[in-house]
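Asker: Pasting run.tsv below, which is TSV, C-alpha atoms and all ligand atoms.
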```
chain	number	residue	atom	x	y	z
A	1	MET	CA	-12.35	22.22	33.22
A	2	LEU	CA	-13.77	20.92	29.93
A	3	ALA	CA	-12.42	17.53	28.84
A	4	ALA	CA	-13.18	14.59	26.52
A	5	TYR	CA	-12.92	11.38	28.52
A	6	ALA	CA	-13.63	7.67	28.59
A	7	ALA	CA	-16.43	7.24	31.13
A	8	ARG	CA	-16.81	3.50	30.50
A	9	PHE	CA	-15.62	0.94	27.93
A	10	SER	CA	-17.44	0.02	24.74
A	11	PRO	CA	-15.46	-2.54	22.71
A	12	ASP	CA	-17.75	-2.48	19.65
A	13	ARG	CA	-19.09	1.09	19.67
A	14	PRO	CA	-16.26	3.18	21.13
A	15	LEU	CA	-18.14	6.48	20.91
A	16	ASP	CA	-20.73	5.14	23.39
A	17	ALA	CA	-17.95	5.29	26.01
A	18	LEU	CA	-17.14	8.96	25.37
A	19	GLU	CA	-18.26	11.92	27.50
A	20	VAL	CA	-17.41	15.55	26.82
A	21	GLY	CA	-17.94	17.57	29.98
A	22	GLU	CA	-16.47	18.91	33.21
A	23	ARG	CA	-13.57	17.14	34.95
A	24	PRO	CA	-11.45	18.38	37.87
A	25	ALA	CA	-8.29	20.29	36.90
A	26	PRO	CA	-5.13	18.21	37.53
A	27	ALA	CA	-4.06	18.10	41.20
A	28	ALA	CA	-0.58	19.36	42.15
A	29	GLN	CA	2.01	16.55	42.25
A	30	GLU	CA	5.69	16.82	43.19
A	31	GLY	CA	7.93	17.03	40.11
A	32	TRP	CA	4.94	17.57	37.81
A	33	VAL	CA	3.56	20.79	36.36
A	34	SER	CA	0.07	21.68	35.09
A	35	LEU	CA	0.03	23.66	31.86
A	36	PRO	CA	-2.75	25.05	29.63
A	37	VAL	CA	-3.31	23.08	26.41
A	38	VAL	CA	-3.06	25.26	23.29
A	39	ALA	CA	-3.76	22.46	20.81
A	40	ALA	CA	-4.14	18.70	20.97
A	41	GLY	CA	-4.68	15.99	18.39
A	42	LEU	CA	-6.38	12.64	18.00
A	43	ASN	CA	-4.68	9.30	17.61
A	44	HIS	CA	-6.10	5.85	17.02
A	45	HIS	CA	-4.99	5.27	20.63
A	46	ASP	CA	-8.02	7.33	21.78
A	47	LEU	CA	-10.37	4.84	20.09
A	48	TRP	CA	-8.49	1.91	21.66
A	49	SER	CA	-8.93	3.57	25.09
A	50	LEU	CA	-12.69	3.95	24.55
A	51	ARG	CA	-12.81	0.27	23.56
A	52	GLY	CA	-11.05	-0.60	26.85
A	53	VAL	CA	-7.68	-1.59	25.37
A	54	GLY	CA	-4.82	-0.68	27.73
A	55	LEU	CA	-7.04	0.66	30.54
A	56	ARG	CA	-8.53	-0.99	33.62
A	57	PRO	CA	-12.02	-0.12	34.93
A	58	GLU	CA	-10.58	1.39	38.14
A	59	GLN	CA	-8.71	3.97	36.02
A	60	LEU	CA	-11.96	5.48	34.74
A	61	PRO	CA	-12.87	8.22	34.08
A	62	MET	CA	-9.78	8.83	31.95
A	63	ILE	CA	-9.25	11.97	29.89
A	64	LEU	CA	-8.20	10.97	26.36
A	65	GLY	CA	-5.39	12.44	24.27
A	66	CYS	CA	-1.64	11.96	23.88
A	67	ASP	CA	-0.65	14.89	21.63
A	68	ALA	CA	-0.32	18.48	22.78
A	69	VAL	CA	1.26	21.84	22.43
A	70	VAL	CA	1.04	23.54	25.84
A	71	ARG	CA	1.90	27.05	26.96
A	72	HIS	CA	4.79	27.23	29.43
A	73	PRO	CA	5.02	30.46	31.46
A	74	GLU	CA	8.73	30.99	30.65
A	75	GLU	CA	9.36	28.89	27.52
A	76	GLY	CA	6.22	29.75	25.55
A	77	GLU	CA	4.54	27.12	23.37
A	78	VAL	CA	6.22	23.72	23.66
A	79	VAL	CA	5.54	20.24	22.22
A	80	LEU	CA	4.85	17.55	24.84
A	81	LEU	CA	6.58	14.19	24.99
A	82	PRO	CA	3.63	11.95	25.95
A	83	VAL	CA	5.81	9.07	27.19
A	84	ILE	CA	5.78	9.03	31.00
A	85	PRO	CA	8.50	7.15	32.90
A	86	GLY	CA	7.36	4.44	35.29
A	87	THR	CA	10.41	2.82	36.90
A	88	PRO	CA	11.93	4.97	39.66
A	89	GLY	CA	15.48	5.99	38.73
A	90	TRP	CA	15.22	4.74	35.11
A	91	THR	CA	17.92	6.52	33.08
A	92	GLY	CA	17.97	4.59	29.79
A	93	ASP	CA	15.81	4.89	26.68
A	94	ILE	CA	12.39	5.84	28.09
A	95	THR	CA	10.58	3.67	25.51
A	96	LEU	CA	12.34	0.59	26.96
A	97	ASP	CA	11.24	1.30	30.54
A	98	PRO	CA	8.93	-1.70	31.16
A	99	ARG	CA	6.68	0.49	33.34
A	100	ARG	CA	6.47	3.51	31.03
A	101	SER	CA	3.07	4.67	29.90
A	102	LEU	CA	1.53	7.20	27.55
A	103	LEU	CA	-0.55	10.16	28.65
A	104	SER	CA	-4.17	8.93	28.96
A	105	GLU	CA	-3.08	5.45	30.12
A	106	LEU	CA	-2.12	5.99	33.80
A	107	HIS	CA	-2.21	9.79	33.85
A	108	GLN	CA	-4.96	12.06	32.51
A	109	GLY	CA	-4.55	13.01	28.84
A	110	THR	CA	-4.47	16.13	26.70
A	111	LEU	CA	-8.06	16.48	25.41
A	112	ALA	CA	-8.71	19.05	28.12
A	113	GLU	CA	-8.09	22.67	29.01
A	114	GLN	CA	-5.07	21.70	31.14
A	115	VAL	CA	-2.71	18.75	31.40
A	116	SER	CA	-0.20	17.74	34.07
A	117	VAL	CA	3.18	16.33	32.96
A	118	PRO	CA	6.58	15.58	34.52
A	119	GLU	CA	8.74	18.73	34.71
A	120	GLY	CA	10.78	19.11	31.49
A	121	SER	CA	8.99	16.54	29.33
A	122	TRP	CA	8.68	18.86	26.34
A	123	VAL	CA	10.74	20.48	23.60
A	124	ALA	CA	10.50	23.88	21.89
A	125	LYS	CA	7.81	24.19	19.21
A	126	PRO	CA	9.16	24.70	15.67
A	127	ASP	CA	8.50	28.36	14.83
A	128	HIS	CA	7.02	27.78	11.38
A	129	LEU	CA	4.25	25.47	12.63
A	130	SER	CA	0.83	26.35	14.01
A	131	ALA	CA	0.02	24.83	17.40
A	132	VAL	CA	-2.27	22.23	15.78
A	133	GLU	CA	0.45	21.21	13.31
A	134	ALA	CA	3.08	21.02	16.05
A	135	ALA	CA	0.82	18.92	18.32
A	136	ALA	CA	0.92	16.23	15.61
A	137	LEU	CA	4.63	15.79	16.33
A	138	SER	CA	3.96	14.43	19.86
A	139	THR	CA	2.82	10.94	18.91
A	140	ALA	CA	2.27	10.03	15.24
A	141	TRP	CA	5.26	11.96	13.92
A	142	LEU	CA	7.56	10.90	16.75
A	143	THR	CA	6.59	7.26	16.16
A	144	ALA	CA	7.17	7.61	12.42
A	145	TYR	CA	10.55	9.29	13.01
A	146	ARG	CA	11.84	6.41	15.13
A	147	MET	CA	10.42	3.78	12.76
A	148	LEU	CA	12.22	5.31	9.79
A	149	PHE	CA	15.45	6.68	11.15
A	150	ARG	CA	16.26	4.25	13.94
A	151	ASN	CA	14.57	0.98	13.13
A	152	ALA	CA	14.10	0.59	9.35
A	153	ASP	CA	17.82	0.36	8.44
A	154	VAL	CA	17.32	2.46	5.29
A	155	ARG	CA	19.25	5.33	3.74
A	156	PRO	CA	18.46	8.02	1.16
A	157	GLY	CA	17.68	6.45	-2.20
A	158	ASP	CA	16.24	3.24	-0.68
A	159	LEU	CA	12.67	2.21	-1.44
A	160	VAL	CA	10.12	1.91	1.39
A	161	LEU	CA	6.47	0.86	1.38
A	162	VAL	CA	3.96	2.52	3.73
A	163	GLN	CA	0.90	0.33	4.31
A	164	GLY	CA	-2.23	2.50	4.48
A	165	ALA	CA	-2.21	6.03	3.15
A	166	GLY	CA	-4.51	8.16	5.19
A	167	GLY	CA	-3.66	7.60	8.85
A	168	GLY	CA	-1.78	9.92	11.15
A	169	VAL	CA	1.32	7.71	11.35
A	170	ALA	CA	1.08	6.78	7.64
A	171	THR	CA	1.01	10.41	6.46
A	172	ALA	CA	3.88	11.25	8.82
A	173	LEU	CA	5.89	8.35	7.35
A	174	ILE	CA	5.22	9.52	3.79
A	175	GLN	CA	6.17	13.13	4.51
A	176	LEU	CA	9.27	12.33	6.60
A	177	ALA	CA	10.59	9.61	4.31
A	178	SER	CA	10.26	11.61	1.12
A	179	ALA	CA	11.82	14.69	2.76
A	180	ALA	CA	14.77	12.48	3.77
A	181	GLY	CA	15.37	11.34	0.17
A	182	LEU	CA	13.81	7.89	0.42
A	183	ARG	CA	11.64	6.60	-2.41
A	184	VAL	CA	8.15	6.07	-0.96
A	185	TRP	CA	5.47	3.73	-2.24
A	186	VAL	CA	2.15	3.50	-0.46
A	187	THR	CA	-0.95	1.28	-0.43
A	188	SER	CA	-4.53	2.21	0.34
A	189	ARG	CA	-8.03	0.86	0.09
A	190	ASP	CA	-9.04	4.21	-1.38
A	191	GLU	CA	-7.87	5.75	-4.68
A	192	THR	CA	-8.47	9.34	-3.45
A	193	LYS	CA	-6.13	8.75	-0.50
A	194	LEU	CA	-3.46	7.49	-2.89
A	195	GLU	CA	-3.76	10.75	-4.81
A	196	ARG	CA	-3.33	12.72	-1.53
A	197	ALA	CA	-0.33	10.51	-0.65
A	198	ARG	CA	1.33	11.42	-3.95
A	199	GLU	CA	0.79	15.11	-3.12
A	200	LEU	CA	2.57	14.46	0.20
A	201	GLY	CA	5.63	13.04	-1.57
A	202	ALA	CA	4.89	9.40	-2.37
A	203	GLU	CA	6.38	8.30	-5.69
A	204	ARG	CA	3.68	5.70	-6.43
A	205	GLY	CA	0.44	4.45	-4.91
A	206	PHE	CA	-1.05	0.96	-5.14
A	207	GLU	CA	-4.34	-0.64	-4.25
A	208	ALA	CA	-4.08	-2.54	-0.93
A	209	GLY	CA	-2.56	-5.98	-1.55
A	210	ALA	CA	-1.44	-5.21	-5.13
A	211	ARG	CA	1.53	-6.96	-6.73
A	212	LEU	CA	4.44	-4.48	-6.75
A	213	PRO	CA	6.77	-4.05	-9.74
A	214	GLU	CA	9.89	-4.12	-7.51
A	215	LYS	CA	10.80	-5.53	-4.09
A	216	VAL	CA	11.20	-2.89	-1.36
A	217	ASP	CA	13.98	-2.38	1.21
A	218	ALA	CA	11.62	-1.81	4.13
A	219	VAL	CA	7.90	-1.89	4.93
A	220	LEU	CA	6.39	0.47	7.49
A	221	GLU	CA	3.43	-1.30	9.09
A	222	THR	CA	0.59	0.17	11.14
A	223	VAL	CA	-2.29	-1.87	9.69
A	224	GLY	CA	-1.46	-5.36	11.02
A	225	ALA	CA	-3.50	-8.45	10.11
A	226	ALA	CA	-5.00	-7.06	6.89
A	227	THR	CA	-1.62	-6.30	5.29
A	228	TRP	CA	0.82	-8.67	7.05
A	229	SER	CA	1.24	-11.27	4.28
A	230	HIS	CA	1.61	-8.51	1.69
A	231	SER	CA	4.29	-6.83	3.80
A	232	VAL	CA	6.28	-10.08	3.99
A	233	ASN	CA	5.86	-10.83	0.27
A	234	VAL	CA	6.99	-7.44	-1.06
A	235	LEU	CA	10.27	-7.27	0.91
A	236	ARG	CA	13.63	-8.00	-0.70
A	237	PRO	CA	15.73	-10.72	1.01
A	238	GLY	CA	17.27	-9.24	4.15
A	239	GLY	CA	14.73	-6.38	4.22
A	240	THR	CA	13.00	-4.99	7.29
A	241	ILE	CA	9.39	-4.69	8.41
A	242	VAL	CA	8.97	-2.08	11.12
A	243	ILE	CA	5.64	-2.44	12.91
A	244	CYS	CA	4.15	0.03	15.37
A	245	GLY	CA	0.47	-0.88	15.28
A	246	ALA	CA	-2.20	-3.33	14.20
A	247	THR	CA	-5.32	-1.31	13.45
A	248	SER	CA	-6.99	-4.21	11.62
A	249	GLY	CA	-6.10	-6.74	14.37
A	250	ASP	CA	-2.96	-8.52	15.59
A	251	ALA	CA	-3.76	-12.06	14.46
A	252	PRO	CA	-2.97	-12.38	10.73
A	253	ALA	CA	-4.34	-15.44	8.92
A	254	LYS	CA	-0.71	-16.53	8.25
A	255	ALA	CA	2.30	-15.62	10.39
A	256	GLU	CA	4.53	-16.23	7.30
A	257	LEU	CA	7.29	-17.73	9.47
A	258	THR	CA	8.86	-19.73	6.64
A	259	LYS	CA	9.25	-16.72	4.38
A	260	ILE	CA	10.62	-14.68	7.29
A	261	PHE	CA	13.46	-17.09	8.06
A	262	PHE	CA	14.14	-18.31	4.52
A	263	ARG	CA	14.49	-14.79	3.12
A	264	GLN	CA	16.20	-13.56	6.32
A	265	LEU	CA	13.72	-10.75	6.92
A	266	ARG	CA	13.91	-8.60	10.01
A	267	VAL	CA	10.74	-7.76	11.94
A	268	VAL	CA	11.27	-4.83	14.28
A	269	GLY	CA	8.75	-3.49	16.77
A	270	SER	CA	8.74	0.25	17.32
A	271	THR	CA	6.97	2.35	19.94
A	272	MET	CA	6.94	6.13	20.31
A	273	GLY	CA	10.34	7.79	20.80
A	274	THR	CA	12.58	9.58	23.27
A	275	LYS	CA	12.86	13.27	24.12
A	276	GLU	CA	16.09	13.38	22.08
A	277	GLU	CA	14.22	11.94	19.08
A	278	LEU	CA	11.40	14.49	19.56
A	279	ARG	CA	14.01	17.26	19.59
A	280	ALA	CA	15.69	15.84	16.46
A	281	LEU	CA	12.29	15.54	14.77
A	282	CYS	CA	11.53	19.22	15.52
A	283	SER	CA	14.94	20.16	14.14
A	284	PHE	CA	14.30	18.07	10.98
A	285	VAL	CA	10.91	19.70	10.29
A	286	SER	CA	12.38	23.17	10.94
A	287	THR	CA	15.29	22.57	8.56
A	288	THR	CA	13.13	21.11	5.81
A	289	GLY	CA	10.08	23.36	6.35
A	290	LEU	CA	7.84	20.25	6.56
A	291	ARG	CA	4.33	20.83	7.89
A	292	PRO	CA	2.32	17.87	9.24
A	293	ARG	CA	-0.72	17.25	7.07
A	294	ILE	CA	-3.83	18.20	9.09
A	295	ASP	CA	-7.08	16.65	7.91
A	296	SER	CA	-9.33	18.90	9.99
A	297	THR	CA	-9.52	20.76	13.29
A	298	TYR	CA	-12.38	20.68	15.80
A	299	PRO	CA	-13.03	22.56	19.04
A	300	LEU	CA	-12.93	20.31	22.13
A	301	THR	CA	-16.71	20.73	22.50
A	302	ARG	CA	-17.05	18.77	19.21
A	303	ALA	CA	-14.63	15.97	20.16
A	304	ARG	CA	-17.38	13.41	19.49
A	305	GLU	CA	-17.60	14.42	15.81
A	306	ALA	CA	-13.81	14.39	15.55
A	307	LEU	CA	-13.55	10.87	16.99
A	308	ALA	CA	-16.41	9.68	14.76
A	309	LYS	CA	-14.42	10.91	11.77
A	310	MET	CA	-11.34	9.03	12.95
A	311	GLU	CA	-13.40	5.86	13.50
A	312	SER	CA	-14.86	6.13	9.97
A	313	GLY	CA	-11.31	6.11	8.55
A	314	GLU	CA	-12.32	8.93	6.18
A	315	LEU	CA	-9.29	11.08	6.85
A	316	VAL	CA	-5.93	12.00	5.40
A	317	GLY	CA	-3.56	13.21	8.10
A	318	LYS	CA	-4.11	14.29	11.66
A	319	ILE	CA	-7.24	15.61	13.36
A	320	GLY	CA	-6.49	18.63	15.54
A	321	ILE	CA	-8.43	19.63	18.66
A	322	THR	CA	-8.42	23.11	20.20
A	323	PRO	CA	-9.71	23.61	23.74
B	401	LIG	N1	3.44	1.89	18.92
B	401	LIG	C1	3.24	3.19	18.94
B	401	LIG	O1	3.98	3.95	19.57
B	401	LIG	C2	2.13	3.77	18.13
B	401	LIG	C3	2.07	5.17	17.91
B	401	LIG	C4	1.06	5.66	17.09
B	401	LIG	C5	0.12	4.79	16.53
B	401	LIG	N2	0.18	3.46	16.81
B	401	LIG	C6	-0.79	2.53	16.21
B	401	LIG	O2	-0.68	2.62	14.80
B	401	LIG	C7	-1.97	2.46	14.21
B	401	LIG	C8	-2.26	3.68	13.34
B	401	LIG	O3	-2.47	4.80	14.17
B	401	LIG	P1	-3.00	6.16	13.59
B	401	LIG	O4	-3.23	7.08	14.74
B	401	LIG	O5	-2.16	6.58	12.45
B	401	LIG	O6	-4.45	5.66	13.05
B	401	LIG	P2	-5.41	6.21	11.94
B	401	LIG	O7	-5.06	7.66	11.71
B	401	LIG	O8	-6.79	5.85	12.32
B	401	LIG	O9	-4.95	5.37	10.62
B	401	LIG	C9	-5.49	4.16	10.22
B	401	LIG	C10	-4.71	3.65	8.99
B	401	LIG	O10	-4.98	2.27	8.82
B	401	LIG	C11	-5.08	2.00	7.44
B	401	LIG	N3	-5.79	0.76	7.14
B	401	LIG	C12	-5.50	-0.03	6.09
B	401	LIG	N4	-6.24	-1.13	6.10
B	401	LIG	C13	-7.03	-1.05	7.18
B	401	LIG	C14	-8.04	-1.91	7.68
B	401	LIG	N5	-8.37	-3.07	7.11
B	401	LIG	N6	-8.69	-1.51	8.80
B	401	LIG	C15	-8.37	-0.33	9.40
B	401	LIG	N7	-7.41	0.51	8.94
B	401	LIG	C16	-6.75	0.14	7.84
B	401	LIG	C17	-5.69	3.23	6.86
B	401	LIG	O11	-5.28	3.30	5.50
B	401	LIG	P3	-6.28	3.44	4.26
B	401	LIG	O12	-7.58	3.94	4.77
B	401	LIG	O13	-5.57	4.39	3.36
B	401	LIG	O14	-6.37	2.08	3.64
B	401	LIG	C18	-5.02	4.33	7.70
B	401	LIG	O15	-3.77	4.68	7.09
B	401	LIG	C19	-2.96	2.27	15.36
B	401	LIG	O16	-3.21	0.89	15.52
B	401	LIG	C20	-2.23	2.86	16.56
B	401	LIG	O17	-2.66	2.30	17.77
B	401	LIG	C21	1.18	2.95	17.59
```
Could you spell out this file's structure in structure tokens?
Answerer:
Amino acid sequence: MLAAYAARFSPDRPLDALEVGERPAPAAQEGWVSLPVVAAGLNHHDLWSLRGVGLRPEQLPMILGCDAVVRHPEEGEVVLLPVIPGTPGWTGDITLDPRRSLLSELHQGTLAEQVSVPEGSWVAKPDHLSAVEAAALSTAWLTAYRMLFRNADVRPGDLVLVQGAGGGVATALIQLASAAGLRVWVTSRDETKLERARELGAERGFEAGARLPEKVDAVLETVGAATWSHSVNVLRPGGTIVICGATSGDAPAKAELTKIFFRQLRVVGSTMGTKEELRALCSFVSTTGLRPRIDSTYPLTRAREALAKMESGELVGKIGITP
């Protein structure tokens, strides 16, 4: 089958590690089922994989991709939960299983004609969404849902800041938060992206690092080192930073420890979400009519162009892939 995969690692030029070509279809495995991919999507995770972050050489070649809508023979089109359990018998929150992984880490990913997943690790696709839109729910939107509604300790009417405007998680945060009645401010390095963010529901946009006219109740962080001090400085006393990623690096120039304890800030890590949260997310987008913002869609044969676009950062929303 056709697939886009990491054939090697290339820390500085991730696209040098990419191959788009034939890979064996997934082998049968007890308790797992192979399903045809209807639509997939890119995440920054795919670039990390090509750089060699989170993978070991013996796991190569590894098909990329976490997001997917797949076609189930009885249930029709369903949205995959890309979190795969690792500890035998684990019954708690899957994201807290110390041995859990994401599709494309230990098991082959979704940028392919077929993908194999544990039986039942999916939820029904919201009817009003296209397959490409619904695939965006798997990773970026699920992560944003948990950041906002489980970890940020905010309620309708509160003010949140989203660092970075254009990314998959950032656009999901803007759309979900504004639909839930939160006031959303956003930063970006790019004025055009701020304009797009306002179209998605943000109340105000600011240049990255700008002084804000008001302190915020929570900051939603995916950028990391480049925005860390700003995130700490703009929070009200007792406010919360929820962090799910560090695209610009995980070693900020200042850790800001004094400000964190003196102003009693909470720093909460957040990773992916559970099947129950994916189901609740699908219910939320169905009730509100929200549609994930899709930047562009590419056929799998052009996965290289799609990943180059993601690496350039010149995007607003998710990049869809159709096999
Ligand atoms: N923990 C989890 O479960 C989880 C799930 C999903 C994603 N993540 C992580 O979250 C991060 C975002 O993922 P994504 O898929 O949304 O990525 P993406 O689509 O490539 O988004 C990148 C974002 O970073 C912003 N950014 C701001 N300053 C930056 C800088 N100096 N360098 C690079 N980017 C900068 C961009 O904003 P502007 O261009 O507007 O400034 C853009 O919003 C990644 O690190 C990813 O690994 C984690």
Asker: For chain A versus ligand LIG 401 (chain B), which residues have an atom no more than 6 Å away, and what is each residue's nearest atom pair and distance in Å rounded to one decimal, using all atoms listed in the file, chain-then-number order, as a tab-separated table?
Answerer:
```
residue	atom	partner	partner_atom	distance
A:Asn43	CA	B:LIG401	O4	3.9
A:His44	CA	B:LIG401	O4	3.9
A:His45	CA	B:LIG401	O17	4.7
A:Thr139	CA	B:LIG401	C4	5.9
A:Ala140	CA	B:LIG401	C4	4.9
A:Thr143	CA	B:LIG401	C3	5.3
A:Gly164	CA	B:LIG401	O11	3.3
A:Ala165	CA	B:LIG401	O13	3.7
A:Gly166	CA	B:LIG401	O15	4.0
A:Gly167	CA	B:LIG401	O9	3.1
A:Gly168	CA	B:LIG401	O5	3.6
A:Val169	CA	B:LIG401	O5	3.8
A:Ala170	CA	B:LIG401	O15	5.3
A:Ser188	CA	B:LIG401	O14	3.8
A:Arg189	CA	B:LIG401	O14	4.1
A:Asp190	CA	B:LIG401	O13	5.9
A:Lys193	CA	B:LIG401	O13	5.9
A:Thr222	CA	B:LIG401	O2	4.6
A:Val223	CA	B:LIG401	O10	5.0
A:Ala226	CA	B:LIG401	N5	5.2
A:Cys244	CA	B:LIG401	N1	4.1
A:Gly245	CA	B:LIG401	O2	3.7
A:Ala246	CA	B:LIG401	O16	4.5
A:Thr247	CA	B:LIG401	O16	3.7
A:Ser248	CA	B:LIG401	N6	4.3
A:Ser270	CA	B:LIG401	N1	5.8
A:Thr271	CA	B:LIG401	O1	3.4
A:Met272	CA	B:LIG401	O1	3.7
A:Met310	CA	B:LIG401	O8	5.6
A:Gly313	CA	B:LIG401	O12	5.7
```
Asker: I need the chosen residues saved as a PDB file, in the frame of the given file, with C-alpha atoms.
Answerer:
```
ATOM      1  CA  ASN A  43      -4.680   9.300  17.610  1.00  0.00           C
ATOM      2  CA  HIS A  44      -6.100   5.850  17.020  1.00  0.00           C
ATOM      3  CA  HIS A  45      -4.990   5.270  20.630  1.00  0.00           C
ATOM      4  CA  THR A 139       2.820  10.940  18.910  1.00  0.00           C
ATOM      5  CA  ALA A 140       2.270  10.030  15.240  1.00  0.00           C
ATOM      6  CA  THR A 143       6.590   7.260  16.160  1.00  0.00           C
ATOM      7  CA  GLY A 164      -2.230   2.500   4.480  1.00  0.00           C
ATOM      8  CA  ALA A 165      -2.210   6.030   3.150  1.00  0.00           C
ATOM      9  CA  GLY A 166      -4.510   8.160   5.190  1.00  0.00           C
ATOM     10  CA  GLY A 167      -3.660   7.600   8.850  1.00  0.00           C
ATOM     11  CA  GLY A 168      -1.780   9.920  11.150  1.00  0.00           C
ATOM     12  CA  VAL A 169       1.320   7.710  11.350  1.00  0.00           C
ATOM     13  CA  ALA A 170       1.080   6.780   7.640  1.00  0.00           C
ATOM     14  CA  SER A 188      -4.530   2.210   0.340  1.00  0.00           C
ATOM     15  CA  ARG A 189      -8.030   0.860   0.090  1.00  0.00           C
ATOM     16  CA  ASP A 190      -9.040   4.210  -1.380  1.00  0.00           C
ATOM     17  CA  LYS A 193      -6.130   8.750  -0.500  1.00  0.00           C
ATOM     18  CA  THR A 222       0.590   0.170  11.140  1.00  0.00           C
ATOM     19  CA  VAL A 223      -2.290  -1.870   9.690  1.00  0.00           C
ATOM     20  CA  ALA A 226      -5.000  -7.060   6.890  1.00  0.00           C
ATOM     21  CA  CYS A 244       4.150   0.030  15.370  1.00  0.00           C
ATOM     22  CA  GLY A 245       0.470  -0.880  15.280  1.00  0.00           C
ATOM     23  CA  ALA A 246      -2.200  -3.330  14.200  1.00  0.00           C
ATOM     24  CA  THR A 247      -5.320  -1.310  13.450  1.00  0.00           C
ATOM     25  CA  SER A 248      -6.990  -4.210  11.620  1.00  0.00           C
ATOM     26  CA  SER A 270       8.740   0.250  17.320  1.00  0.00           C
ATOM     27  CA  THR A 271       6.970   2.350  19.940  1.00  0.00           C
ATOM     28  CA  MET A 272       6.940   6.130  20.310  1.00  0.00           C
ATOM     29  CA  MET A 310     -11.340   9.030  12.950  1.00  0.00           C
ATOM     30  CA  GLY A 313     -11.310   6.110   8.550  1.00  0.00           C
TER      31      GLY A 313
END
```
Asker: For stretch 106-144 of chain A against stretch 17-32 of chain A, with a cut-off of 7 Å and counting only C-alpha atoms, what is the closest atom pair and its distance in Å to one decimal for every residue that makes the cut, ordered by chain and number, as a tab-separated table?
Answerer:
```
residue	atom	partner	partner_atom	distance
A:Gln114	CA	A:Ala25	CA	6.7
A:Val115	CA	A:Pro26	CA	6.6
A:Ser116	CA	A:Pro26	CA	6.0
A:Val117	CA	A:Trp32	CA	5.3
A:Pro118	CA	A:Trp32	CA	4.2
A:Glu119	CA	A:Trp32	CA	5.0
```
Asker: Do a neighbour search on A:Ile319 at 8 Å with all atoms listed in the file, toss out local chain neighbours closer than 5 positions, and write the hits as a list in words.
Answerer: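 Contacts, with the query itself left out: Gly41, Leu42, Ile294, Asp295, Ser296, Thr297, Tyr298, Ala306 and Met310 of chain A.
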Asker: Could you check the closest approach to A:Arg100 for each of A:Gln264, A:Thr274, A:Thr240, A:Thr288 and tell me which residue wins, using only C-alpha atoms?
Answerer: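 That would be A:Thr274, the residue with the smallest distance to A:Arg100.
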Asker: Pick the closest to A:Val219 from A:Asp153, A:Glu74, A:Glu311, A:Glu276: which is it, counting all atoms listed in the file?
Answerer: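 The shortest atom-to-atom distance to A:Val219 comes from A:Asp153.
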Asker: Please indicate the distance in Å from atom CA of A:Leu15 to atom CA of A:Pro82, rounded to one decimal place.
Answerer: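 Computing it gives 23.0 Å between the two atoms.
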Asker: Identify, on the basis of all atoms listed in the file, every residue whose closest approach to A:Ala210 does not exceed 9 Å; exclude the query and any residue fewer than 4 positions from it along the same chain; express the result as a list in words.
Answerer: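 These residues fall inside the cut-off: Thr187, Phe206 and His230 of chain A.
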Asker: Go through A:Leu50, A:Ala152, A:Leu281, A:Ala68 and flag the residue nearest A:Gly238, using only C-alpha atoms for the distances.
Answerer: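 Result for the nearest residue to A:Gly238: A:Ala152.
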Asker: One decimal, in Å: what's the spacing between atom CA of A:Pro85 and atom CA of A:Ala172?
Answerer: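 Pair atom CA of A:Pro85 / atom CA of A:Ala172 returns 24.9 Å.
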Asker: Rounded to one decimal place, report the atom CA of A:Lys259-atom CA of A:Gly239 distance in Å.
Answerer: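 Here the two named atoms are 11.7 Å from each other.
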